[in-house]
Each structure stands twice: as structure tokens, then as C-alpha cells.
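Printed here is final.pdb (PDB, C-alpha atoms):
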ATOM      1  CA  THR S 878       0.000   0.000   0.000
ATOM      2  CA  TYR S 879       1.375   3.421  -0.953
ATOM      3  CA  VAL S 880       1.350   5.999   1.836
ATOM      4  CA  THR S 881       2.391   9.647   1.681
ATOM      5  CA  LEU S 882       3.573  11.222   4.922
ATOM      6  CA  GLY S 883       4.454  14.839   5.493
ATOM      7  CA  PHE S 884       5.406  17.275   8.195
ATOM      8  CA  THR S 885       6.179  20.960   8.572
ATOM      9  CA  VAL S 886       9.142  22.472  10.393
ATOM     10  CA  ALA S 887       8.806  26.096  11.516
ATOM     11  CA  ASN S 888      11.563  28.405  12.669
ATOM     12  CA  ILE S 889       9.925  30.245  15.579
ATOM     13  CA  GLY S 890      13.237  31.757  16.640
ATOM     14  CA  ASN S 891      14.657  35.164  15.793
ATOM     15  CA  ALA S 892      17.550  34.087  13.545
ATOM     16  CA  THR S 893      18.017  32.058  10.369
ATOM     17  CA  ALA S 894      18.864  28.394  10.965
ATOM     18  CA  TYR S 895      21.511  26.988   8.603
ATOM     19  CA  ASN S 896      22.548  23.541   7.387
ATOM     20  CA  PHE S 897      20.510  21.085   9.421
ATOM     21  CA  THR S 898      18.753  17.781   8.802
ATOM     22  CA  ASP S 899      15.150  16.883   9.555
ATOM     23  CA  ARG S 900      14.256  13.192   9.821
ATOM     24  CA  LEU S 901      11.146  11.079   9.345
ATOM     25  CA  ARG S 902      11.182   7.586  10.882
ATOM     26  CA  VAL S 903       8.494   4.937  10.385
ATOM     27  CA  PHE S 904       8.330   1.747  12.466
ATOM     28  CA  GLY S 905       6.005  -1.232  12.033
ATOM     29  CA  PRO S 906       6.007  -4.402   9.942
ATOM     30  CA  GLU S 907       8.469  -2.444   7.784
ATOM     31  CA  ASN S 908      10.824   0.316   8.943
ATOM     32  CA  ARG S 909      11.797   3.377   6.937
ATOM     33  CA  THR S 910      13.950   6.464   7.507
ATOM     34  CA  LYS S 911      14.143   9.560   5.334
ATOM     35  CA  ASP S 912      16.412  12.568   5.885
ATOM     36  CA  PHE S 913      15.662  16.041   4.543
ATOM     37  CA  ALA S 914      18.595  18.458   4.256
ATOM     38  CA  VAL S 915      17.742  22.106   4.891
ATOM     39  CA  SER S 916      20.341  24.679   3.824
ATOM     40  CA  SER S 917      18.624  27.656   5.473
ATOM     41  CA  LEU S 918      15.349  28.452   7.205
ATOM     42  CA  PRO S 919      14.803  32.148   7.963
ATOM     43  CA  ALA S 920      13.236  33.240  11.241
ATOM     44  CA  GLY S 921       9.451  33.123  11.051
ATOM     45  CA  SER S 922       9.349  30.800   8.051
ATOM     46  CA  HIS S 923       8.659  27.091   7.565
ATOM     47  CA  VAL S 924       9.509  24.191   5.285
ATOM     48  CA  ASN S 925       7.239  21.295   4.286
ATOM     49  CA  HIS S 926       8.612  17.780   3.837
ATOM     50  CA  THR S 927       6.784  14.880   2.167
ATOM     51  CA  THR S 928       7.726  11.404   1.050
ATOM     52  CA  SER S 929       5.898   8.283  -0.116
ATOM     53  CA  TYR S 930       6.472   4.680   0.855
ATOM     54  CA  CYS S 931       5.092   1.342  -0.238
ATOM     55  CA  LEU S 932       4.343  -0.382   3.080
ATOM     56  CA  ALA S 933       2.970  -3.761   4.095
ATOM     57  CA  LEU S 934      -0.345  -3.901   5.935
ATOM     58  CA  GLY S 935      -0.177  -3.440   9.708
ATOM     59  CA  ASN S 936       0.185  -0.928  12.509
ATOM     60  CA  TYR S 937       2.826   1.795  12.302
ATOM     61  CA  SER S 938       4.322   4.642  14.304
ATOM     62  CA  ALA S 939       5.820   7.654  12.537
ATOM     63  CA  TYR S 940       8.205  10.155  14.122
ATOM     64  CA  ALA S 941       9.158  13.515  12.601
ATOM     65  CA  ASP S 942      12.143  15.317  14.086
ATOM     66  CA  ALA S 943      13.546  18.749  13.286
ATOM     67  CA  ASP S 944      17.302  19.298  13.530
ATOM     68  CA  TRP S 945      17.952  15.577  14.010
ATOM     69  CA  PHE S 946      21.706  16.014  14.588
ATOM     70  CA  ASN S 947      21.264  19.033  16.922
ATOM     71  CA  THR S 948      23.366  21.335  14.759
ATOM     72  CA  VAL S 949      21.208  24.418  15.432
ATOM     73  CA  ALA S 950      21.570  26.200  18.778
ATOM     74  CA  GLU S 951      18.046  26.582  20.147
ATOM     75  CA  SER S 952      16.441  28.008  23.264
ATOM     76  CA  ASN S 953      13.939  25.104  23.325
ATOM     77  CA  GLU S 954      15.133  21.677  22.156
ATOM     78  CA  GLY S 955      11.926  20.092  23.480
ATOM     79  CA  ASN S 956       9.692  21.179  20.600
ATOM     80  CA  ASN S 957      11.556  19.431  17.788
ATOM     81  CA  GLY S 958       9.501  16.270  17.440
ATOM     82  CA  ALA S 959       6.061  14.921  16.703
ATOM     83  CA  SER S 960       4.629  11.441  16.283
ATOM     84  CA  LEU S 961       1.542   9.636  15.106
ATOM     85  CA  GLN S 962       0.243   6.107  14.854
ATOM     86  CA  PHE S 963      -1.585   4.733  11.824
ATOM     87  CA  SER S 964      -2.887   1.427  10.495
ATOM     88  CA  LEU S 965      -2.978  -0.007   7.014
ATOM     89  CA  PRO S 966      -5.834  -2.543   7.047
TER
END

Represent the supplied structure as C-alpha cells.
Amino acid sequence: TYVTLGFTVANIGNATAYNFTDRLRVFGPENRTKDFAVSSLPAGSHVNHTTSYCLALGNYSAYADADWFNTVAESNEGNNGASLQFSLP
């Protein structure tokens, strides 16, 4: 079954963030990882990431993480991730 997953990363800080990697991880009957390189993200802006996978039927968890390698100095490192669960019947 083909599934398209996407997430948005927003720079809510007051400076441009440079050269970082966002990551999408999917775990279930099949596991997938996709990295998204971001060269710059100005303060107050956002970037959308999407990718498609062909996955086997079953239950999955997806995790989206901004600045996966912690290359950007941030005042709040606790708001860099989100997750969801989904099923392919």
C-alpha cells in the first residue's frame, strides 16, 4: 500500500537556521527512515517535507524530528519532534 507522509518544520526563533537535517522515521512491519537536508530556514518561516512509501499492511508509528543532529543552537530543544500512529488494514 502506498502511503504519503508529510510534516512541517517552523523556525519560531529570531535568527536564520543553517545547514541542518530533519528526519522522518516509520516503524512497524516495515521500517523506513528519510532525511531532509535544509540549507537555510529564515526566522518566522517554515519548510514542508513529504515522502511516499510502499508499506505492508499493519500498525505503524511515525516520528518527525527537526534538527535531528542538533546542529542548530536553540532556546527550546523540546519542541523538535512529533509522532503519530496509523494502520494499514

Quiz prompt | Selected residue of minimal separation from Phe884 (chain S) among S:Gly955, S:Tyr940, S:Thr910, S:Phe946, counting only C-alpha atoms | solution = S:Tyr940

Exercise. Find, counting only C-alpha atoms, the residue in S:Pro919, S:Gly935, S:Gly890, S:Gly905 that gets nearest to Pro966 (chain S).
Key: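 Nearest candidate to Pro966 (chain S) out of S:Pro919, S:Gly935, S:Gly890, S:Gly905: S:Gly935.
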
Self-check item: Polymer residues at most 6 Å from Ser938 (chain S), all atoms listed in the file, same-chain spacing of 3 or more positions, as a VMD selection string
Solution: chain S and resid 903 to 904 961 to 962

Quiz item: So what do you get for CA of Leu918 (chain S) versus CA of Asn888 (chain S), distance-wise?
Solution: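 Separation of CA of Leu918 (chain S) and CA of Asn888 (chain S): 6.6 Å.
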
Quiz item: Using all atoms listed in the file, which of S:Ala950, S:Leu882, S:Ala892, S:Ala887 sits nearest Lys911 (chain S)?
Solution: S:Leu882

Self-check item: Residues returned when the PyMOL selection byres ((chain S and resi 900) around 7) runs on this file, as a list in words
Solution: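 Output of the PyMOL selection byres ((chain S and resi 900) around 7): Thr898, Asp899, Leu901, Arg902, Lys911, Asp912, Phe913, Ala941, Asp942, Ala943 and Trp945 of chain S.
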
Exercise. Evaluate the PyMOL selection byres ((chain S and resi 896) around 10) on the structure here and hand back the selected residues as JSON, numbers by chain.
Key: {"S": [894, 895, 897, 898, 914, 915, 916, 917, 918, 944, 948, 949]}

Please produce a file of the residues just selected, as a PDB file, in the coordinates of the input, where the atoms kept are C-alpha atoms.
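Below is the file again.pdb, written as the result:
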ATOM      1  CA  ALA S 894      18.864  28.394  10.965  1.00  0.00           C
ATOM      2  CA  TYR S 895      21.511  26.988   8.603  1.00  0.00           C
ATOM      3  CA  PHE S 897      20.510  21.085   9.421  1.00  0.00           C
ATOM      4  CA  THR S 898      18.753  17.781   8.802  1.00  0.00           C
ATOM      5  CA  ALA S 914      18.595  18.458   4.256  1.00  0.00           C
ATOM      6  CA  VAL S 915      17.742  22.106   4.891  1.00  0.00           C
ATOM      7  CA  SER S 916      20.341  24.679   3.824  1.00  0.00           C
ATOM      8  CA  SER S 917      18.624  27.656   5.473  1.00  0.00           C
ATOM      9  CA  LEU S 918      15.349  28.452   7.205  1.00  0.00           C
ATOM     10  CA  ASP S 944      17.302  19.298  13.530  1.00  0.00           C
ATOM     11  CA  THR S 948      23.366  21.335  14.759  1.00  0.00           C
ATOM     12  CA  VAL S 949      21.208  24.418  15.432  1.00  0.00           C
TER      13      VAL S 949
END

Quiz prompt | One-decimal distance in Å that lies between CA of Thr885 (chain S) and CA of Phe963 (chain S) | solution =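 Going from CA of Phe963 (chain S) over to CA of Thr885 (chain S) covers 18.3 Å.
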
Report the residues retrieved by the PyMOL selection byres ((chain S and resi 926-930) around 6) from the displayed file, expressed as a tab-separated table (two decimals) with C-alpha atoms, keeping the file's coordinate frame.
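The result, written out as expr.tsv:
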chain	number	residue	atom	x	y	z
S	879	TYR	CA	1.38	3.42	-0.95
S	880	VAL	CA	1.35	6.00	1.84
S	881	THR	CA	2.39	9.65	1.68
S	882	LEU	CA	3.57	11.22	4.92
S	883	GLY	CA	4.45	14.84	5.49
S	884	PHE	CA	5.41	17.27	8.20
S	925	ASN	CA	7.24	21.30	4.29
S	931	CYS	CA	5.09	1.34	-0.24
S	932	LEU	CA	4.34	-0.38	3.08

Output as AutoDock Vina command-line options the centre and edge lengths (Å, one decimal) of the box along x, y and z of the file that holds every listed atom of region 906-918 of chain S after adding 5 Å on each side.
--center_x 13.2 --center_y 12.0 --center_z 6.9 --size_x 24.3 --size_y 42.9 --size_z 16.1
